[in-house]
file data_5.csv (CSV, C-alpha atoms)
chain,number,residue,atom,x,y,z
A,1,MET,CA,-60.1,68.8,4.3
A,2,SER,CA,-62.0,68.9,1.0
A,3,PRO,CA,-64.2,65.8,0.3
A,4,ALA,CA,-62.3,65.6,-3.0
A,5,GLU,CA,-59.3,64.5,-1.0
A,6,ALA,CA,-60.9,61.5,0.7
A,7,VAL,CA,-58.7,58.4,1.1
A,8,ASN,CA,-60.2,56.2,-1.6
A,9,VAL,CA,-61.1,58.8,-4.2
A,10,LEU,CA,-59.1,60.2,-7.2
A,11,THR,CA,-58.5,63.9,-6.6
A,12,VAL,CA,-58.6,65.8,-9.9
A,13,GLY,CA,-56.6,69.0,-10.6
A,14,ALA,CA,-56.9,71.3,-13.6
A,15,THR,CA,-54.5,72.4,-16.3
A,16,HIS,CA,-54.5,75.8,-18.0
A,17,ALA,CA,-56.0,74.4,-21.2
A,18,ASP,CA,-59.1,74.3,-23.3
A,19,SER,CA,-60.2,74.0,-27.0
A,20,TRP,CA,-60.9,77.7,-27.5
A,21,SER,CA,-59.1,78.8,-30.7
A,22,GLY,CA,-59.7,82.6,-30.7
A,23,THR,CA,-57.1,85.4,-30.3
A,24,VAL,CA,-56.5,86.7,-26.8
A,25,PRO,CA,-56.7,90.6,-26.9
A,26,ASP,CA,-54.0,92.8,-25.6
A,27,THR,CA,-56.2,94.1,-22.8
A,28,VAL,CA,-55.9,90.9,-20.8
A,29,LEU,CA,-53.0,88.9,-19.4
A,30,ASP,CA,-52.6,85.1,-19.9
A,31,ALA,CA,-50.5,84.3,-16.9
A,32,ALA,CA,-49.9,80.6,-17.4
A,33,GLU,CA,-49.0,78.2,-20.2
A,34,PRO,CA,-51.2,75.4,-21.7
A,35,HIS,CA,-51.0,72.0,-20.0
A,36,LEU,CA,-49.3,73.4,-16.9
A,37,PRO,CA,-51.3,73.5,-13.6
A,38,ALA,CA,-53.9,76.2,-13.7
A,39,PRO,CA,-53.3,79.2,-11.4
A,40,TYR,CA,-56.7,78.8,-9.8
A,41,GLY,CA,-56.0,75.2,-8.6
A,42,GLY,CA,-54.6,74.1,-5.3
A,43,GLY,CA,-51.2,72.6,-4.9
A,44,GLY,CA,-49.3,70.5,-2.4
A,45,LEU,CA,-49.5,67.0,-1.0
A,46,GLY,CA,-52.5,65.3,0.5
A,47,HIS,CA,-53.3,63.5,3.8
A,48,ARG,CA,-50.1,62.2,5.4
A,49,ARG,CA,-48.1,63.6,2.4
A,50,SER,CA,-49.8,61.4,-0.2
A,51,VAL,CA,-49.9,62.4,-3.8
A,52,LYS,CA,-52.7,64.9,-4.4
A,53,PRO,CA,-54.1,65.7,-6.9
A,54,ASP,CA,-53.8,62.3,-8.4
A,55,ILE,CA,-54.4,63.4,-12.0
A,56,LEU,CA,-54.8,66.6,-14.0
A,57,LEU,CA,-57.2,67.3,-16.8
A,58,PRO,CA,-58.0,70.5,-18.8
A,59,GLY,CA,-60.0,72.9,-16.7
A,60,GLY,CA,-60.1,75.9,-19.0
A,61,ARG,CA,-58.0,79.1,-19.2
A,62,ARG,CA,-58.5,81.9,-16.8
A,63,LEU,CA,-57.3,85.4,-17.9
A,64,PHE,CA,-56.6,88.5,-15.9
A,65,GLN,CA,-57.0,92.2,-16.5
A,66,ARG,CA,-53.7,93.6,-17.7
A,67,PRO,CA,-52.0,95.8,-15.1
A,68,VAL,CA,-51.6,99.5,-15.8
A,69,PRO,CA,-48.2,100.0,-17.5
A,70,GLY,CA,-45.5,101.7,-15.4
A,71,ARG,CA,-46.8,100.7,-12.0
A,72,THR,CA,-44.2,99.4,-9.6
A,73,GLY,CA,-44.3,97.2,-6.5
A,74,ASP,CA,-46.9,94.5,-5.9
A,75,VAL,CA,-49.7,94.3,-8.4
A,76,GLU,CA,-53.1,92.6,-7.7
A,77,LEU,CA,-54.3,90.6,-10.7
A,78,ARG,CA,-58.0,90.8,-11.2
A,79,PRO,CA,-59.9,88.1,-13.2
A,80,ALA,CA,-61.0,89.2,-16.7
A,81,SER,CA,-64.6,88.5,-17.8
A,82,THR,CA,-64.5,85.8,-20.4
A,83,GLU,CA,-67.9,84.1,-20.0
A,84,ALA,CA,-69.3,85.5,-23.2
A,85,THR,CA,-66.3,85.4,-25.6
A,86,GLY,CA,-63.9,82.9,-24.1
A,87,PRO,CA,-61.3,81.5,-23.6
A,88,GLY,CA,-62.6,78.7,-21.4
A,89,GLN,CA,-64.6,75.6,-21.8
A,90,ARG,CA,-68.0,76.0,-23.4
A,91,VAL,CA,-70.8,74.7,-21.3
A,92,ALA,CA,-74.6,75.0,-21.2
A,93,ALA,CA,-75.9,78.0,-19.3
A,94,PRO,CA,-79.2,79.9,-18.9
A,95,ASP,CA,-79.5,83.1,-20.8
A,96,ARG,CA,-80.8,86.4,-19.4
A,97,ARG,CA,-84.3,85.6,-20.5
A,98,GLY,CA,-84.4,82.2,-18.8
A,99,GLY,CA,-83.8,80.2,-22.0
A,100,ALA,CA,-82.2,76.8,-21.9
A,101,ALA,CA,-80.3,76.9,-25.2
A,102,ALA,CA,-77.5,79.3,-24.3
A,103,THR,CA,-73.8,78.6,-23.6
A,104,ALA,CA,-71.0,80.3,-21.7
A,105,PHE,CA,-67.2,79.8,-21.3
A,106,THR,CA,-66.1,78.7,-17.8
A,107,HIS,CA,-63.1,77.4,-16.0
A,108,GLY,CA,-62.3,75.5,-12.9
A,109,THR,CA,-61.3,72.2,-11.2
A,110,SER,CA,-65.0,71.1,-11.4
A,111,ASN,CA,-64.7,71.2,-15.2
A,112,ALA,CA,-61.6,69.0,-15.0
A,113,THR,CA,-63.5,66.6,-12.7
A,114,ALA,CA,-66.4,66.4,-15.2
A,115,LEU,CA,-64.0,65.3,-17.9
A,116,ALA,CA,-62.5,62.7,-15.5
A,117,THR,CA,-66.0,61.5,-14.8
A,118,ARG,CA,-66.7,61.1,-18.5
A,119,ALA,CA,-63.4,59.2,-18.9
A,120,SER,CA,-64.4,56.9,-16.1
A,121,ALA,CA,-67.7,56.1,-17.7
A,122,LEU,CA,-66.0,55.2,-21.0
A,123,VAL,CA,-63.5,52.9,-19.2
A,124,MET,CA,-66.4,51.3,-17.2
A,125,HIS,CA,-68.2,50.7,-20.5
A,126,GLN,CA,-65.2,49.1,-22.0
A,127,LEU,CA,-64.6,46.8,-19.0
A,128,ASN,CA,-68.2,45.7,-19.0
A,129,THR,CA,-68.0,44.6,-22.6
A,130,ASP,CA,-65.3,42.0,-21.6
A,131,PRO,CA,-62.6,42.8,-24.2
A,132,SER,CA,-60.9,39.4,-23.7
A,133,HIS,CA,-60.7,37.0,-26.7
A,134,GLU,CA,-60.6,33.2,-27.1
A,135,GLY,CA,-57.4,31.8,-25.6
A,136,ASP,CA,-56.9,34.7,-23.2
A,137,HIS,CA,-57.1,34.5,-19.4
A,138,PRO,CA,-60.7,35.1,-18.0
A,139,PHE,CA,-61.3,38.8,-17.5
A,140,PRO,CA,-61.7,40.1,-13.9
A,141,ASP,CA,-65.1,39.9,-12.4
A,142,PRO,CA,-67.3,43.0,-12.5
A,143,GLN,CA,-66.9,43.6,-8.8
A,144,TYR,CA,-63.4,44.7,-9.6
A,145,HIS,CA,-64.3,47.1,-12.4
A,146,PRO,CA,-64.6,50.2,-10.2
A,147,VAL,CA,-61.1,49.8,-8.7
A,148,LEU,CA,-59.7,48.8,-12.2
A,149,THR,CA,-61.2,52.1,-13.5
A,150,LYS,CA,-59.4,54.0,-10.8
A,151,ALA,CA,-56.2,52.3,-11.7
A,152,LEU,CA,-56.6,52.7,-15.5
A,153,LEU,CA,-57.3,56.5,-15.2
A,154,VAL,CA,-54.0,57.0,-13.3
A,155,HIS,CA,-52.2,54.6,-15.6
A,156,ALA,CA,-52.8,57.0,-18.5
A,157,ALA,CA,-51.2,59.9,-16.6
A,158,SER,CA,-47.7,61.2,-16.8
A,159,TRP,CA,-45.7,64.4,-16.4
A,160,GLY,CA,-44.7,64.6,-20.1
A,161,ASP,CA,-42.7,67.8,-20.6
A,162,ALA,CA,-44.5,69.7,-17.8
A,163,PHE,CA,-41.8,69.2,-15.2
A,164,THR,CA,-39.1,70.4,-17.6
A,165,ILE,CA,-41.1,73.5,-18.6
A,166,LEU,CA,-41.6,74.3,-14.9
A,167,GLN,CA,-37.9,74.1,-14.2
A,168,GLN,CA,-37.2,76.4,-17.1
A,169,ARG,CA,-39.9,79.0,-16.2
A,170,LEU,CA,-39.2,79.1,-12.5
A,171,ASP,CA,-35.4,79.1,-13.1
A,172,SER,CA,-35.0,76.7,-10.2
A,173,ASP,CA,-33.6,73.2,-9.5
A,174,LEU,CA,-37.0,71.6,-8.8
A,175,THR,CA,-36.8,68.2,-7.2
A,176,ARG,CA,-39.1,65.2,-7.9
A,177,LEU,CA,-40.9,66.0,-4.6
A,178,ASP,CA,-41.5,69.6,-5.9
A,179,GLY,CA,-42.8,68.2,-9.1
A,180,THR,CA,-45.1,65.8,-7.3
A,181,GLN,CA,-46.6,68.6,-5.3
A,182,LEU,CA,-47.3,70.6,-8.5
A,183,LEU,CA,-48.3,67.8,-10.9
A,184,GLY,CA,-49.4,64.8,-8.9
A,185,TYR,CA,-49.1,61.8,-11.2
A,186,GLY,CA,-49.5,64.1,-14.2
A,187,LEU,CA,-51.9,64.9,-17.0
A,188,LEU,CA,-54.3,62.2,-18.1
A,189,HIS,CA,-53.6,61.4,-21.8
A,190,SER,CA,-57.0,60.3,-23.2
A,191,ASP,CA,-55.3,58.6,-26.2
A,192,ARG,CA,-53.6,56.2,-23.8
A,193,LEU,CA,-56.7,55.4,-21.7
A,194,ALA,CA,-57.5,51.6,-21.6
A,195,VAL,CA,-55.8,51.0,-25.0
A,196,ALA,CA,-52.8,49.2,-26.3
A,197,ASP,CA,-51.0,49.0,-29.6
A,198,ARG,CA,-48.1,47.4,-31.4
A,199,GLY,CA,-45.5,49.2,-29.3
A,200,ARG,CA,-47.4,48.8,-25.9
A,201,ALA,CA,-48.8,45.8,-24.2
A,202,THR,CA,-51.1,46.5,-21.2
A,203,LEU,CA,-52.1,43.7,-18.8
A,204,LEU,CA,-54.8,43.9,-16.1
A,205,GLY,CA,-55.1,42.0,-12.9
A,206,ALA,CA,-57.4,42.2,-9.9
A,207,GLY,CA,-58.2,40.4,-6.7
A,208,THR,CA,-59.1,40.5,-3.1
A,209,ILE,CA,-56.3,40.4,-0.5
A,210,THR,CA,-56.0,40.7,3.2
A,211,GLY,CA,-53.3,41.4,5.8
A,212,ASP,CA,-49.9,39.7,5.4
A,213,GLN,CA,-50.9,38.1,2.1
A,214,ARG,CA,-49.0,38.3,-1.1
A,215,HIS,CA,-50.3,37.9,-4.7
A,216,THR,CA,-47.7,37.4,-7.4
A,217,TYR,CA,-48.3,38.4,-11.1
A,218,ARG,CA,-45.9,37.5,-13.9
A,219,TYR,CA,-45.5,39.8,-16.9
A,220,PRO,CA,-43.8,37.9,-19.8
A,221,LEU,CA,-40.9,39.7,-21.4
A,222,PRO,CA,-41.0,40.0,-25.2
A,223,PRO,CA,-38.1,38.1,-26.9
A,224,GLY,CA,-37.7,41.0,-29.5
A,225,LEU,CA,-36.4,43.3,-26.8
A,226,ARG,CA,-33.6,41.0,-25.7
A,227,ALA,CA,-30.1,42.4,-26.0
A,228,THR,CA,-31.4,45.7,-27.5
A,229,THR,CA,-30.6,49.2,-26.4
A,230,ASP,CA,-33.9,50.7,-27.5
A,231,TRP,CA,-35.8,52.9,-25.1
A,232,ARG,CA,-38.4,51.1,-23.1
A,233,ARG,CA,-40.8,52.1,-20.3
A,234,LEU,CA,-42.5,50.0,-17.7
A,235,THR,CA,-45.6,51.6,-16.1
A,236,ILE,CA,-47.1,50.0,-13.0
A,237,THR,CA,-50.3,51.2,-11.3
A,238,LEU,CA,-51.8,49.6,-8.2
A,239,ALA,CA,-55.1,50.9,-6.9
A,240,TRP,CA,-57.2,49.7,-4.0
A,241,LEU,CA,-60.2,50.5,-1.9
A,242,SER,CA,-59.1,50.7,1.7
A,243,PRO,CA,-61.4,50.2,4.7
A,244,VAL,CA,-61.5,53.5,6.6
A,245,ASN,CA,-60.9,53.8,10.3
A,246,THR,CA,-62.3,57.2,11.5
A,247,ARG,CA,-61.1,56.7,15.1
A,248,THR,CA,-57.5,57.4,14.2
A,249,GLN,CA,-55.7,60.0,12.1
A,250,LEU,CA,-54.4,57.3,9.8
A,251,HIS,CA,-57.8,56.8,8.2
A,252,ARG,CA,-56.3,54.3,5.7
A,253,SER,CA,-56.6,50.8,7.3
A,254,ALA,CA,-55.0,48.8,4.4
A,255,ARG,CA,-51.6,49.5,2.9
A,256,LEU,CA,-50.9,47.8,-0.4
A,257,ARG,CA,-47.6,47.9,-2.2
A,258,VAL,CA,-45.9,46.5,-5.3
A,259,GLU,CA,-42.2,46.7,-5.6
A,260,PRO,CA,-41.2,47.7,-9.2
A,261,PRO,CA,-38.7,45.3,-10.8
A,262,THR,CA,-35.7,47.2,-12.1
A,263,ASP,CA,-32.9,44.7,-12.7
A,264,GLU,CA,-34.4,42.5,-15.4
A,265,LEU,CA,-34.6,45.4,-17.9
A,266,HIS,CA,-32.1,47.8,-16.3
A,267,LEU,CA,-34.8,50.4,-15.5
A,268,GLN,CA,-34.8,53.5,-13.3
A,269,ARG,CA,-37.7,55.0,-11.5
A,270,MET,CA,-38.9,58.3,-13.0
A,271,GLN,CA,-41.3,61.2,-12.2
A,272,ALA,CA,-43.3,61.1,-9.0
A,273,ASP,CA,-41.6,61.0,-5.6
A,274,PRO,CA,-41.0,57.3,-4.7
A,275,ASN,CA,-42.0,57.8,-1.1
A,276,GLY,CA,-45.2,59.8,-1.8
A,277,VAL,CA,-46.5,57.1,-4.2
A,278,ARG,CA,-46.9,54.7,-1.2
A,279,ARG,CA,-48.9,56.9,1.1
A,280,GLY,CA,-52.3,56.9,-0.6
A,281,THR,CA,-54.5,54.3,-2.2
A,282,VAL,CA,-52.8,54.5,-5.7
A,283,GLN,CA,-49.2,53.6,-6.4
A,284,HIS,CA,-48.2,54.7,-9.9
A,285,GLU,CA,-44.6,54.0,-11.0
A,286,LEU,CA,-42.9,54.8,-14.3
A,287,LEU,CA,-39.5,53.2,-15.0
A,288,ASP,CA,-37.3,54.0,-18.1
A,289,GLY,CA,-34.2,52.4,-19.5
A,290,ARG,CA,-32.0,51.8,-22.6
A,291,ARG,CA,-29.4,49.4,-21.4
A,292,ALA,CA,-29.3,46.0,-23.1
A,293,ALA,CA,-30.9,43.2,-21.1
A,294,VAL,CA,-30.2,39.6,-21.7
A,295,TYR,CA,-32.9,37.1,-20.6
A,296,ALA,CA,-34.2,33.6,-21.5
A,297,ASP,CA,-37.1,33.0,-23.9
A,298,ASP,CA,-39.6,32.4,-21.1
A,299,ALA,CA,-38.4,35.2,-18.8
A,300,HIS,CA,-40.9,37.3,-17.0
A,301,LEU,CA,-41.2,40.2,-14.5
A,302,ALA,CA,-42.5,39.2,-11.1
A,303,LEU,CA,-44.8,41.7,-9.5
A,304,ASN,CA,-45.7,41.0,-5.8
A,305,VAL,CA,-48.7,42.7,-4.4
A,306,ASP,CA,-48.3,42.8,-0.6
A,307,CYS,CA,-51.0,43.9,2.0
A,308,ARG,CA,-50.6,45.2,5.5
A,309,LEU,CA,-53.6,46.0,7.7
A,310,ASP,CA,-53.7,48.6,10.5
A,311,ASN,CA,-53.5,46.8,13.9
A,312,ARG,CA,-57.1,48.1,14.7
A,313,ALA,CA,-58.5,46.5,11.5
A,314,ALA,CA,-60.3,43.2,11.9
A,315,PRO,CA,-58.2,40.2,10.9
A,316,GLY,CA,-59.1,38.9,7.5
A,317,THR,CA,-60.6,42.2,6.3
A,318,PRO,CA,-60.9,41.9,2.5
A,319,VAL,CA,-59.4,44.6,0.3
A,320,ARG,CA,-60.2,44.8,-3.4
A,321,TYR,CA,-57.5,46.0,-5.7
A,322,GLY,CA,-56.7,46.4,-9.4
A,323,LEU,CA,-53.2,46.2,-11.0
A,324,VAL,CA,-52.4,47.6,-14.5
A,325,VAL,CA,-48.9,47.0,-16.0
A,326,SER,CA,-47.7,48.3,-19.4
A,327,LEU,CA,-44.5,47.8,-21.3
A,328,GLU,CA,-43.9,50.1,-24.2
A,329,VAL,CA,-41.1,50.9,-26.6
A,330,GLY,CA,-40.3,53.8,-29.0
A,331,VAL,CA,-42.1,54.3,-32.3
A,332,ASN,CA,-39.0,53.3,-34.3
A,333,VAL,CA,-38.7,49.8,-32.7
A,334,ARG,CA,-39.7,47.0,-35.0
A,335,THR,CA,-40.7,44.6,-32.3
A,336,ASP,CA,-44.4,44.0,-32.0
A,337,VAL,CA,-44.5,44.0,-28.2
A,338,HIS,CA,-48.2,43.5,-28.0
A,339,ALA,CA,-48.2,40.4,-30.1
A,340,GLU,CA,-45.2,38.8,-28.4
A,341,VAL,CA,-46.5,39.3,-24.9
A,342,ARG,CA,-50.0,38.0,-25.9
A,343,GLN,CA,-48.5,34.9,-27.5
A,344,GLN,CA,-46.4,34.1,-24.4
A,345,LEU,CA,-49.5,34.5,-22.2
A,346,ARG,CA,-51.5,32.2,-24.3
A,347,THR,CA,-48.8,29.6,-24.3
A,348,ARG,CA,-48.6,29.7,-20.5
A,349,ILE,CA,-52.4,29.4,-20.2
A,350,GLN,CA,-52.4,26.4,-22.5
A,351,THR,CA,-49.5,24.8,-20.5
A,352,LEU,CA,-51.4,25.4,-17.2
A,353,THR,CA,-54.5,23.9,-18.7
A,354,ARG,CA,-52.7,20.7,-19.7
A,355,VAL,CA,-51.0,20.1,-16.3
A,356,GLN,CA,-54.2,20.6,-14.2
A,357,PRO,CA,-55.4,17.3,-12.7
A,358,ALA,CA,-58.7,15.9,-13.8
A,359,SER,CA,-61.6,16.5,-11.3

call {"tool": "encode", "arguments": {"input": "data_5.csv", "output": "structure tokens"}}
result
Amino acid sequence: MSPAEAVNVLTVGATHADSWSGTVPDTVLDAAEPHLPAPYGGGGLGHRRSVKPDILLPGGRRLFQRPVPGRTGDVELRPASTEATGPGQRVAAPDRRGGAAATAFTHGTSNATALATRASALVMHQLNTDPSHEGDHPFPDPQYHPVLTKALLVHAASWGDAFTILQQRLDSDLTRLDGTQLLGYGLLHSDRLAVADRGRATLLGAGTITGDQRHTYRYPLPPGLRATTDWRRLTITLAWLSPVNTRTQLHRSARLRVEPPTDELHLQRMQADPNGVRRGTVQHELLDGRRAAVYADDAHLALNVDCRLDNRAAPGTPVRYGLVVSLEVGVNVRTDVHAEVRQQLRTRIQTLTRVQPAS
């Protein structure tokens, strides 16, 4: 298998997209649509039917020579030469004379991976600056920043309209499993990467867990959403770094799991196949709902992170993980979800500080 599909890594796929703004001539064929999986990328599930690729980023458009009109039967599509004029992603390239200032237009999953690497670096920089403020809970220790970066990258991914477009173009009743094989967890939306706003509150957690342990996190529910029928989405991303056992075909020695809460806000699981999300080292869940939910002022969502170790793993083997949870509402909702969640968190921190016994 490709090294890019290793158990603990994020596998990056490419979409048929770039920033080239020219006009495609009639002599070539654009065989795909922007922001759908690129035709040169691989599809299908990963090891033990896990979600692969995990995320999609733009990899540049690949055009083909237009077939001769009137031909019948199977037609072989040959790639068109677009290095000099585009489309594609413009990158540094040596010129024919050996100069180092030339550029060319390229495409490929390696391009998408380069963009994912850049996004990772930006997230790591943001985590290292410790974005917490006075009155907040202490930020996770730097040892958890790599696995939190892994979680945050996937947390910003979703199918968007891609699955609906694929259903329309293929004229088929695609299932969620089909969509998972084609889209993974979806396209990474850079504008949602490690950020929050008035309509979205994002909380981070991290820790070290071992076999048969459970860590419980509580996400406070904003009072402004109580008894409303406004659209809301809960996004949960759990990522971990599993010890690897090369003596078995399982490879993954640690299985972590978080059970998405659905009853409190009357939510339903969406997008990726619910079985596939539990077979890798990233569990990414999107839950939507509109039904009115009634809850108390201090209500919260309980998120339990459970760990199971392979019977060949040494007892007490530590596993580092990162958990990212977001609750968001539509743009027309007046409730400031971010402010309400933050205030409830600060109130709880103050309460815990007051009740702790003196040392």

call {"tool": "residues_around", "arguments": {"input": "data_5.csv", "residues": "Leu36 (chain A)", "least_positions_apart": "5", "cutoff": "12 Å", "atoms": "all atoms listed in the file", "output": "compact mmCIF listing (two decimals) with C-alpha atoms, in the frame of the given file"}}
result
# COMPACT_ATOMS: atom_id res chain seq x y z
CA GLY A 13 -56.60 69.00 -10.60
CA ALA A 14 -56.90 71.30 -13.60
CA THR A 15 -54.50 72.40 -16.30
CA HIS A 16 -54.50 75.80 -18.00
CA ALA A 17 -56.00 74.40 -21.20
CA ASP A 18 -59.10 74.30 -23.30
CA ALA A 31 -50.50 84.30 -16.90
CA GLY A 41 -56.00 75.20 -8.60
CA LEU A 56 -54.80 66.60 -14.00
CA LEU A 57 -57.20 67.30 -16.80
CA PRO A 58 -58.00 70.50 -18.80
CA GLY A 59 -60.00 72.90 -16.70
CA GLY A 60 -60.10 75.90 -19.00
CA ARG A 61 -58.00 79.10 -19.20
CA TRP A 159 -45.70 64.40 -16.40
CA GLY A 160 -44.70 64.60 -20.10
CA ASP A 161 -42.70 67.80 -20.60
CA ALA A 162 -44.50 69.70 -17.80
CA PHE A 163 -41.80 69.20 -15.20
CA THR A 164 -39.10 70.40 -17.60
CA ILE A 165 -41.10 73.50 -18.60
CA LEU A 166 -41.60 74.30 -14.90
CA GLN A 167 -37.90 74.10 -14.20
CA ARG A 169 -39.90 79.00 -16.20
CA GLY A 179 -42.80 68.20 -9.10
CA LEU A 182 -47.30 70.60 -8.50
CA LEU A 183 -48.30 67.80 -10.90
CA GLY A 184 -49.40 64.80 -8.90
CA GLY A 186 -49.50 64.10 -14.20
CA LEU A 187 -51.90 64.90 -17.00

call {"tool": "residues_around", "arguments": {"input": "data_5.csv", "residues": "His215 (chain A)", "least_positions_apart": "5", "cutoff": "9 Å", "atoms": "only C-alpha atoms", "output": "PyMOL selection string"}}
result
chain A and resi 207+209+303-306

call {"tool": "atom_distance", "arguments": {"input": "data_5.csv", "atom1": "CA of Leu10 (chain A)", "atom2": "CA of His107 (chain A)"}}
result
19.7 Å

call {"tool": "residues_near_point", "arguments": {"input": "data_5.csv", "point": "(-66.0, 83.4, -19.4)", "cutoff": "12 Å", "atoms": "all atoms listed in the file", "output": "list in words"}}
result
Trp20, Gly60, Arg61, Arg62, Leu63, Phe64, Pro79, Ala80, Ser81, Thr82, Glu83, Ala84, Thr85, Gly86, Pro87, Gly88, Gln89, Arg90, Val91, Ala93, Thr103, Ala104, Phe105, Thr106, His107 and Gly108 of chain A

call {"tool": "atom_distance", "arguments": {"input": "data_5.csv", "atom1": "CA of Ala157 (chain A)", "atom2": "CA of Asp310 (chain A)"}}
result
29.5 Å

call {"tool": "residues_near_point", "arguments": {"input": "data_5.csv", "point": "(-53.3, 71.9, -4.0)", "cutoff": "9 Å", "atoms": "only C-alpha atoms", "output": "PyMOL selection string"}}
result
chain A and resi 13+41-46+52-53+181-182

call {"tool": "residues_around", "arguments": {"input": "data_5.csv", "residues": "Leu77 (chain A)", "least_positions_apart": "3", "cutoff": "8 Å", "atoms": "all atoms listed in the file", "output": "PDB file with C-alpha atoms, keeping the file's coordinate frame"}}
result
ATOM      1  CA  PHE A  64     -56.600  88.500 -15.900  1.00  0.00           C
ATOM      2  CA  GLN A  65     -57.000  92.200 -16.500  1.00  0.00           C
ATOM      3  CA  ARG A  66     -53.700  93.600 -17.700  1.00  0.00           C
ATOM      4  CA  PRO A  67     -52.000  95.800 -15.100  1.00  0.00           C
TER       5      PRO A  67
END

call {"tool": "atom_distance", "arguments": {"input": "data_5.csv", "atom1": "CA of Val244 (chain A)", "atom2": "CA of Gly276 (chain A)"}}
result
19.4 Å

call {"tool": "decode", "arguments": {"input": "data_5.csv", "residues": "region 290-302 of chain A", "atoms": "N, CA, C and O atoms", "output": "PDB file, in the first residue's frame"}}
result
ATOM      1  N   ARG A 290     -33.140  20.398  13.292  1.00  0.00           N
ATOM      2  CA  ARG A 290     -33.973  21.609  13.360  1.00  0.00           C
ATOM      3  C   ARG A 290     -35.048  21.526  14.434  1.00  0.00           C
ATOM      4  O   ARG A 290     -35.664  22.539  14.759  1.00  0.00           O
ATOM      5  N   ARG A 291     -35.291  20.338  14.963  1.00  0.00           N
ATOM      6  CA  ARG A 291     -36.356  20.181  15.943  1.00  0.00           C
ATOM      7  C   ARG A 291     -36.047  20.973  17.209  1.00  0.00           C
ATOM      8  O   ARG A 291     -34.893  21.065  17.641  1.00  0.00           O
ATOM      9  N   ALA A 292     -37.094  21.534  17.792  1.00  0.00           N
ATOM     10  CA  ALA A 292     -36.920  22.304  19.016  1.00  0.00           C
ATOM     11  C   ALA A 292     -36.466  21.397  20.151  1.00  0.00           C
ATOM     12  O   ALA A 292     -36.966  20.280  20.314  1.00  0.00           O
ATOM     13  N   ALA A 293     -35.503  21.871  20.917  1.00  0.00           N
ATOM     14  CA  ALA A 293     -34.981  21.115  22.054  1.00  0.00           C
ATOM     15  C   ALA A 293     -35.121  21.958  23.315  1.00  0.00           C
ATOM     16  O   ALA A 293     -34.751  23.133  23.335  1.00  0.00           O
ATOM     17  N   VAL A 294     -35.661  21.361  24.347  1.00  0.00           N
ATOM     18  CA  VAL A 294     -35.859  22.051  25.631  1.00  0.00           C
ATOM     19  C   VAL A 294     -34.854  21.494  26.630  1.00  0.00           C
ATOM     20  O   VAL A 294     -34.770  20.277  26.833  1.00  0.00           O
ATOM     21  N   TYR A 295     -34.081  22.377  27.246  1.00  0.00           N
ATOM     22  CA  TYR A 295     -33.085  21.944  28.221  1.00  0.00           C
ATOM     23  C   TYR A 295     -32.872  23.040  29.254  1.00  0.00           C
ATOM     24  O   TYR A 295     -33.255  24.202  29.055  1.00  0.00           O
ATOM     25  N   ALA A 296     -32.264  22.681  30.370  1.00  0.00           N
ATOM     26  CA  ALA A 296     -32.044  23.604  31.481  1.00  0.00           C
ATOM     27  C   ALA A 296     -30.922  24.588  31.146  1.00  0.00           C
ATOM     28  O   ALA A 296     -30.172  24.417  30.177  1.00  0.00           O
ATOM     29  N   ASP A 297     -30.799  25.630  31.985  1.00  0.00           N
ATOM     30  CA  ASP A 297     -29.794  26.661  31.748  1.00  0.00           C
ATOM     31  C   ASP A 297     -28.374  26.107  31.781  1.00  0.00           C
ATOM     32  O   ASP A 297     -27.499  26.588  31.075  1.00  0.00           O
ATOM     33  N   ASP A 298     -28.130  25.111  32.622  1.00  0.00           N
ATOM     34  CA  ASP A 298     -26.777  24.572  32.773  1.00  0.00           C
ATOM     35  C   ASP A 298     -26.602  23.244  32.036  1.00  0.00           C
ATOM     36  O   ASP A 298     -25.718  22.454  32.372  1.00  0.00           O
ATOM     37  N   ALA A 299     -27.428  22.993  31.028  1.00  0.00           N
ATOM     38  CA  ALA A 299     -27.358  21.732  30.290  1.00  0.00           C
ATOM     39  C   ALA A 299     -26.079  21.653  29.461  1.00  0.00           C
ATOM     40  O   ALA A 299     -25.491  22.676  29.082  1.00  0.00           O
ATOM     41  N   HIS A 300     -25.666  20.437  29.177  1.00  0.00           N
ATOM     42  CA  HIS A 300     -24.447  20.240  28.401  1.00  0.00           C
ATOM     43  C   HIS A 300     -24.549  18.933  27.613  1.00  0.00           C
ATOM     44  O   HIS A 300     -25.412  18.092  27.876  1.00  0.00           O
ATOM     45  N   LEU A 301     -23.667  18.801  26.640  1.00  0.00           N
ATOM     46  CA  LEU A 301     -23.506  17.553  25.908  1.00  0.00           C
ATOM     47  C   LEU A 301     -22.336  16.782  26.520  1.00  0.00           C
ATOM     48  O   LEU A 301     -21.252  17.340  26.685  1.00  0.00           O
ATOM     49  N   ALA A 302     -22.554  15.529  26.857  1.00  0.00           N
ATOM     50  CA  ALA A 302     -21.487  14.692  27.404  1.00  0.00           C
ATOM     51  C   ALA A 302     -20.849  13.902  26.269  1.00  0.00           C
ATOM     52  O   ALA A 302     -21.537  13.196  25.520  1.00  0.00           O
TER      53      ALA A 302
END
